[in-house]
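J.: Questions regarding the structure given below will be posed in turn.
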Amino acid sequence: MEAIFHDWISFAVRAAHIVAAIGWIGSSFYFMWLDYSLRHDPDLPGGVKGESWSVHGGGFYQVRKFAVAPEKMPQVLHWFKWESYSTWLTGFAMMAVTYYWGATSFLIDREVADLPVFAAIAISIASLGVGWLLYDQLCKSPLKSRPAVLFAILYAAILLLCWLYGQIFSARAAWLHTGAVIATMMSGNVFLVIIPNQQKVVEALKAGEAPDARYGEIAKLRSTHNNYLTLPVVAMMISNHYPIAFGHPHNWILVGYILAIGGIIRHFFNMHDQGKHGRAVMWQWPTATLLFICMMWTSAWRPDQGSADLDAGRAMTIVATHCTVCHAASPLHENFEEAPGGVMFDTVEQMRTHAPKMLAQAVLSNIMPLGNETGMTAEDRAVLGAWLRAGAPEE
């Protein structure tokens, strides 16, 4: 019953997280487009930076943006903040359900670091806070006036962070936590910088004072960071389904590819929204495609992969020892009432059917068995790989 309860809680939290993320990403992308679509008209009232006309659902919309703020406070002011807050809260809940509740299977890899469950969870939570504090200080440093340099340092810091996580947690958890730190930076920007700065502008308006334009400039820098980091975070969050990426021994390199590809694609849409076409954007998709090809090539390379002779009997013993504990009609693992994903290895025919998944998760990466609870060795993986590549013969 605990396994069934866990799965339904996980399903509910994941669904809530996806819905919240759609709301946040949608509003974020809309406002970036809105900023870039603004057109200045000499006939606009003073203080108006630009306006944008659009049509949707059979109606026309006219939106104006003030350079700092209007002369007086409007009666109704809509805030866009709960999309961000709910995305982070549901994301943390999902991480707790998956990686804290199932710490021995998903968070801890005994071959990487034999951590007690409490210590692993404490490190996980603390790292989110430390990541935000370091990022916040970086944005407050003199580099804030050199955004390109600041972003380059942030890029390098994220790669280092992923490498450090890889020295502590399982490969799956390392990637997930890297994405979670980036998501914390983004939500922290909204909760601790963007919204408070907007509130200061509102308070100045209510007091009949001229708002300080500096608050808007600071918020805009953080908003731009969020815009360029959104696509990489989404890619990293769905990576749990693709061990060919996060299961690589040097998965921090692949994080570098994802950050670059996501940023370039986002830049293309930003330029397109500004009405810039032709040479201004023609380099972006070919560059992103080339980087994606390089990422695929990198994921196929494995250092010290080793080799082994074909030994069908030993290979099937390895499967029985390390795989069918979970992947069987009647799993013996306490966390599973039924085979995960419906994948079973009770017969050789079933092993042949799922050979590509076995190669991806137990040979080309070492994410299976979960947390390597059964102690599968590199030699075992080489033997299994040789057998699977030979077509899983019975003799």
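Ligands are numbered from 1 in the order shown, chains are lettered A, B, ... in the order of the structure tokens, and residues start at 1 in each chain.
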Neighbouring residues of A:Trp33 were defined as those with any atom within 9 Å, considering only C-alpha atoms; residues of the same chain fewer than 6 positions away were excluded. Please report them as a PyMOL selection string.

T.: chain A and resi 269-270+273-274

J.: For A:Ser330, which residue among A:Lys144, A:Asp136, A:Phe151, A:Gly342 is the nearest when counting only C-alpha atoms?

T.: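 Ranked by minimum distance to A:Ser330, first place goes to A:Gly342.
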
J.: Taking only C-alpha atoms into account, produce a table as JSON lines in which each residue of stretch 229-307 of chain A with an atom at most 10 Å from an atom of stretch 357-369 of chain A appears once, together with its shortest atom pair and the distance in Å to one decimal, ordered by chain and rising number.

T.:
{"residue": "A:Tyr242", "atom": "CA", "partner": "A:Ala360", "partner_atom": "CA", "distance": 8.5}
{"residue": "A:Pro243", "atom": "CA", "partner": "A:Gln361", "partner_atom": "CA", "distance": 5.9}
{"residue": "A:Ile244", "atom": "CA", "partner": "A:Ala360", "partner_atom": "CA", "distance": 5.9}
{"residue": "A:Ala245", "atom": "CA", "partner": "A:Ser365", "partner_atom": "CA", "distance": 8.8}
{"residue": "A:Phe246", "atom": "CA", "partner": "A:Ser365", "partner_atom": "CA", "distance": 8.4}
{"residue": "A:Gly247", "atom": "CA", "partner": "A:Ser365", "partner_atom": "CA", "distance": 4.7}
{"residue": "A:His248", "atom": "CA", "partner": "A:Ser365", "partner_atom": "CA", "distance": 5.8}
{"residue": "A:Pro249", "atom": "CA", "partner": "A:Ser365", "partner_atom": "CA", "distance": 7.4}
{"residue": "A:Ser299", "atom": "CA", "partner": "A:Leu364", "partner_atom": "CA", "distance": 9.0}
{"residue": "A:Ala300", "atom": "CA", "partner": "A:Leu364", "partner_atom": "CA", "distance": 8.0}
{"residue": "A:Trp301", "atom": "CA", "partner": "A:Leu364", "partner_atom": "CA", "distance": 9.0}
{"residue": "A:Arg302", "atom": "CA", "partner": "A:Leu364", "partner_atom": "CA", "distance": 7.4}
{"residue": "A:Gln305", "atom": "CA", "partner": "A:Leu364", "partner_atom": "CA", "distance": 8.3}

J.: Put those residues in a file: N, CA and C atoms, as a JSON list (two decimals), in the first residue's frame.

T.:
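again.json, written as the output of this step:
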[["chain", "number", "residue", "atom", "x", "y", "z"],
["A", 242, "TYR", "N", 15.69, 10.22, -19.62],
["A", 242, "TYR", "CA", 16.73, 9.98, -20.62],
["A", 242, "TYR", "C", 18.10, 9.77, -19.97],
["A", 243, "PRO", "N", 18.35, 8.54, -19.51],
["A", 243, "PRO", "CA", 19.64, 8.26, -18.85],
["A", 243, "PRO", "C", 20.84, 8.42, -19.77],
["A", 244, "ILE", "N", 20.62, 8.42, -21.09],
["A", 244, "ILE", "CA", 21.73, 8.63, -22.00],
["A", 244, "ILE", "C", 22.37, 9.99, -21.77],
["A", 245, "ALA", "N", 21.61, 10.91, -21.15],
["A", 245, "ALA", "CA", 22.13, 12.25, -20.86],
["A", 245, "ALA", "C", 22.67, 12.34, -19.44],
["A", 246, "PHE", "N", 21.79, 12.22, -18.44],
["A", 246, "PHE", "CA", 22.25, 12.43, -17.06],
["A", 246, "PHE", "C", 23.12, 11.29, -16.55],
["A", 247, "GLY", "N", 23.04, 10.10, -17.20],
["A", 247, "GLY", "CA", 23.83, 8.97, -16.73],
["A", 247, "GLY", "C", 25.25, 8.95, -17.23],
["A", 248, "HIS", "N", 25.63, 9.92, -18.04],
["A", 248, "HIS", "CA", 27.00, 9.97, -18.57],
["A", 248, "HIS", "C", 27.99, 10.24, -17.44],
["A", 249, "PRO", "N", 29.17, 9.58, -17.45],
["A", 249, "PRO", "CA", 30.16, 9.81, -16.39],
["A", 249, "PRO", "C", 30.57, 11.27, -16.24],
["A", 299, "SER", "N", 27.57, 12.12, -25.67],
["A", 299, "SER", "CA", 26.84, 11.16, -24.84],
["A", 299, "SER", "C", 27.18, 9.72, -25.22],
["A", 300, "ALA", "N", 27.59, 9.49, -26.49],
["A", 300, "ALA", "CA", 27.93, 8.14, -26.94],
["A", 300, "ALA", "C", 29.33, 7.73, -26.51],
["A", 301, "TRP", "N", 30.15, 8.71, -26.15],
["A", 301, "TRP", "CA", 31.53, 8.41, -25.72],
["A", 301, "TRP", "C", 31.56, 8.09, -24.23],
["A", 302, "ARG", "N", 32.21, 7.02, -23.88],
["A", 302, "ARG", "CA", 32.32, 6.62, -22.48],
["A", 302, "ARG", "C", 33.78, 6.33, -22.16],
["A", 305, "GLN", "N", 35.38, 2.37, -20.76],
["A", 305, "GLN", "CA", 34.16, 1.58, -20.84],
["A", 305, "GLN", "C", 34.44, 0.09, -20.64]]

J.: Return as a PDB file with C-alpha atoms, in the first residue's frame the full set of residues in stretch 86-173 of chain A whose backbone-based DSSP assignment is alpha helix (DSSP H).

T.:
ATOM      1  CA  SER A  86       3.538  27.795  -7.011  1.00  0.00           C
ATOM      2  CA  THR A  87       6.002  26.390  -9.554  1.00  0.00           C
ATOM      3  CA  TRP A  88       8.821  26.372  -7.014  1.00  0.00           C
ATOM      4  CA  LEU A  89       6.663  25.027  -4.178  1.00  0.00           C
ATOM      5  CA  THR A  90       5.249  22.171  -6.250  1.00  0.00           C
ATOM      6  CA  GLY A  91       8.709  21.480  -7.669  1.00  0.00           C
ATOM      7  CA  PHE A  92      10.187  21.200  -4.188  1.00  0.00           C
ATOM      8  CA  ALA A  93       7.276  18.977  -3.151  1.00  0.00           C
ATOM      9  CA  MET A  94       7.973  16.732  -6.126  1.00  0.00           C
ATOM     10  CA  MET A  95      11.658  16.558  -5.232  1.00  0.00           C
ATOM     11  CA  VAL A 117      19.677   9.562   4.427  1.00  0.00           C
ATOM     12  CA  PHE A 118      19.385  12.535   6.809  1.00  0.00           C
ATOM     13  CA  ALA A 119      22.761  13.928   5.721  1.00  0.00           C
ATOM     14  CA  ALA A 120      21.946  13.565   2.023  1.00  0.00           C
ATOM     15  CA  ILE A 121      18.622  15.385   2.435  1.00  0.00           C
ATOM     16  CA  ALA A 122      20.243  18.124   4.531  1.00  0.00           C
ATOM     17  CA  ILE A 123      22.911  18.683   1.861  1.00  0.00           C
ATOM     18  CA  SER A 124      20.217  18.806  -0.805  1.00  0.00           C
ATOM     19  CA  ILE A 125      18.144  21.451   0.968  1.00  0.00           C
ATOM     20  CA  ALA A 126      21.127  23.527   2.078  1.00  0.00           C
ATOM     21  CA  SER A 127      22.601  23.583  -1.428  1.00  0.00           C
ATOM     22  CA  LEU A 128      19.476  25.250  -2.798  1.00  0.00           C
ATOM     23  CA  GLY A 129      19.858  28.105  -0.318  1.00  0.00           C
ATOM     24  CA  VAL A 130      23.614  28.433  -0.805  1.00  0.00           C
ATOM     25  CA  GLY A 131      23.163  28.444  -4.585  1.00  0.00           C
ATOM     26  CA  TRP A 132      20.712  31.337  -4.347  1.00  0.00           C
ATOM     27  CA  LEU A 133      22.930  33.353  -1.991  1.00  0.00           C
ATOM     28  CA  LEU A 134      26.003  33.021  -4.222  1.00  0.00           C
ATOM     29  CA  TYR A 135      23.995  33.932  -7.322  1.00  0.00           C
ATOM     30  CA  ASP A 136      22.402  36.920  -5.575  1.00  0.00           C
ATOM     31  CA  GLN A 137      25.803  38.250  -4.509  1.00  0.00           C
ATOM     32  CA  LEU A 138      27.099  37.812  -8.055  1.00  0.00           C
ATOM     33  CA  CYS A 139      24.204  39.919  -9.372  1.00  0.00           C
ATOM     34  CA  LYS A 140      24.898  42.615  -6.759  1.00  0.00           C
ATOM     35  CA  PRO A 147      25.738  41.421 -17.996  1.00  0.00           C
ATOM     36  CA  ALA A 148      27.540  39.319 -20.626  1.00  0.00           C
ATOM     37  CA  VAL A 149      30.512  38.695 -18.317  1.00  0.00           C
ATOM     38  CA  LEU A 150      28.175  38.010 -15.400  1.00  0.00           C
ATOM     39  CA  PHE A 151      26.261  35.419 -17.421  1.00  0.00           C
ATOM     40  CA  ALA A 152      29.494  33.742 -18.563  1.00  0.00           C
ATOM     41  CA  ILE A 153      30.593  33.368 -14.933  1.00  0.00           C
ATOM     42  CA  LEU A 154      27.154  32.044 -14.019  1.00  0.00           C
ATOM     43  CA  TYR A 155      27.431  29.507 -16.861  1.00  0.00           C
ATOM     44  CA  ALA A 156      30.766  28.227 -15.554  1.00  0.00           C
ATOM     45  CA  ALA A 157      29.448  28.158 -11.969  1.00  0.00           C
ATOM     46  CA  ILE A 158      26.478  25.981 -12.988  1.00  0.00           C
ATOM     47  CA  LEU A 159      28.808  23.457 -14.651  1.00  0.00           C
ATOM     48  CA  LEU A 160      30.976  23.368 -11.517  1.00  0.00           C
ATOM     49  CA  LEU A 161      27.860  22.901  -9.422  1.00  0.00           C
ATOM     50  CA  CYS A 162      26.754  19.901 -11.493  1.00  0.00           C
ATOM     51  CA  TRP A 163      30.222  18.353 -11.143  1.00  0.00           C
ATOM     52  CA  LEU A 164      30.136  18.859  -7.372  1.00  0.00           C
ATOM     53  CA  TYR A 165      26.686  17.271  -7.138  1.00  0.00           C
ATOM     54  CA  GLY A 166      28.085  14.324  -9.073  1.00  0.00           C
ATOM     55  CA  ALA A 171      23.820  10.848 -11.514  1.00  0.00           C
ATOM     56  CA  ARG A 172      20.056  11.320 -11.786  1.00  0.00           C
ATOM     57  CA  ALA A 173      19.958  13.418  -8.618  1.00  0.00           C
TER      58      ALA A 173
END

J.: Residues within 9 Å of A:Arg110, please, as a list of chain:residue names. Count only C-alpha atoms; anything in the same chain fewer than 2 positions from it doesn't count.

T.: A:Thr104, A:Ile108, A:Val112, A:Ala113, A:Asp114, A:Leu115, A:Phe169, A:Ser170, A:Gly371, A:Asn372, A:Glu373, A:Gly375

J.: Taking C-alpha atoms for each residue, export the selection above as a short mmCIF file (atom, residue, chain, number, x, y, z; two decimals), in the first residue's frame.

T.:
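Just written: again_29.cif:
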data_model
loop_
_atom_site.label_atom_id
_atom_site.label_comp_id
_atom_site.auth_asym_id
_atom_site.auth_seq_id
_atom_site.Cartn_x
_atom_site.Cartn_y
_atom_site.Cartn_z
CA THR A 104 18.09 5.27 -0.91
CA ILE A 108 22.06 8.28 -2.77
CA VAL A 112 29.60 7.74 -5.15
CA ALA A 113 29.16 8.64 -1.46
CA ASP A 114 27.85 6.37 1.29
CA LEU A 115 25.75 9.05 2.98
CA PHE A 169 24.60 12.21 -5.24
CA SER A 170 23.49 9.73 -7.89
CA GLY A 371 21.28 3.60 -6.06
CA ASN A 372 23.22 0.46 -7.07
CA GLU A 373 21.69 -1.25 -4.08
CA GLY A 375 26.36 -3.67 -5.94
#

J.: Among stretch 50-263 of chain A, which ones does DSSP assign to strand (DSSP E) (computed from the backbone)? Answer as an mmCIF file with C-alpha atoms, in the first residue's frame.

T.:
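Written out: part36.cif:
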data_model
loop_
_atom_site.group_PDB
_atom_site.id
_atom_site.type_symbol
_atom_site.label_atom_id
_atom_site.label_comp_id
_atom_site.auth_asym_id
_atom_site.auth_seq_id
_atom_site.Cartn_x
_atom_site.Cartn_y
_atom_site.Cartn_z
ATOM 1 C CA GLY A 50 5.853 52.328 -26.083
ATOM 2 C CA GLU A 51 2.673 50.483 -26.918
ATOM 3 C CA SER A 52 1.685 47.190 -28.489
ATOM 4 C CA TRP A 53 -1.502 46.182 -30.284
ATOM 5 C CA SER A 54 -2.591 42.567 -30.520
ATOM 6 C CA VAL A 55 -5.643 40.519 -31.355
ATOM 7 C CA HIS A 56 -6.791 37.360 -29.609
ATOM 8 C CA GLY A 59 -10.881 41.050 -29.438
ATOM 9 C CA PHE A 60 -8.247 43.779 -29.814
ATOM 10 C CA TYR A 61 -5.858 44.674 -27.000
ATOM 11 C CA GLN A 62 -3.803 47.842 -26.536
ATOM 12 C CA VAL A 63 -0.978 47.636 -24.009
ATOM 13 C CA ARG A 64 1.228 50.547 -22.969
ATOM 14 C CA LYS A 65 4.427 50.406 -20.962
ATOM 15 C CA PHE A 66 5.655 53.328 -18.872
#

J.: When you count only C-alpha atoms, which of these residues is closest to A:Glu379: A:Ile318, A:Leu176, A:Ile253, A:Ala392?

T.: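 Counting only C-alpha atoms, the residue closest to A:Glu379 is A:Ile318.
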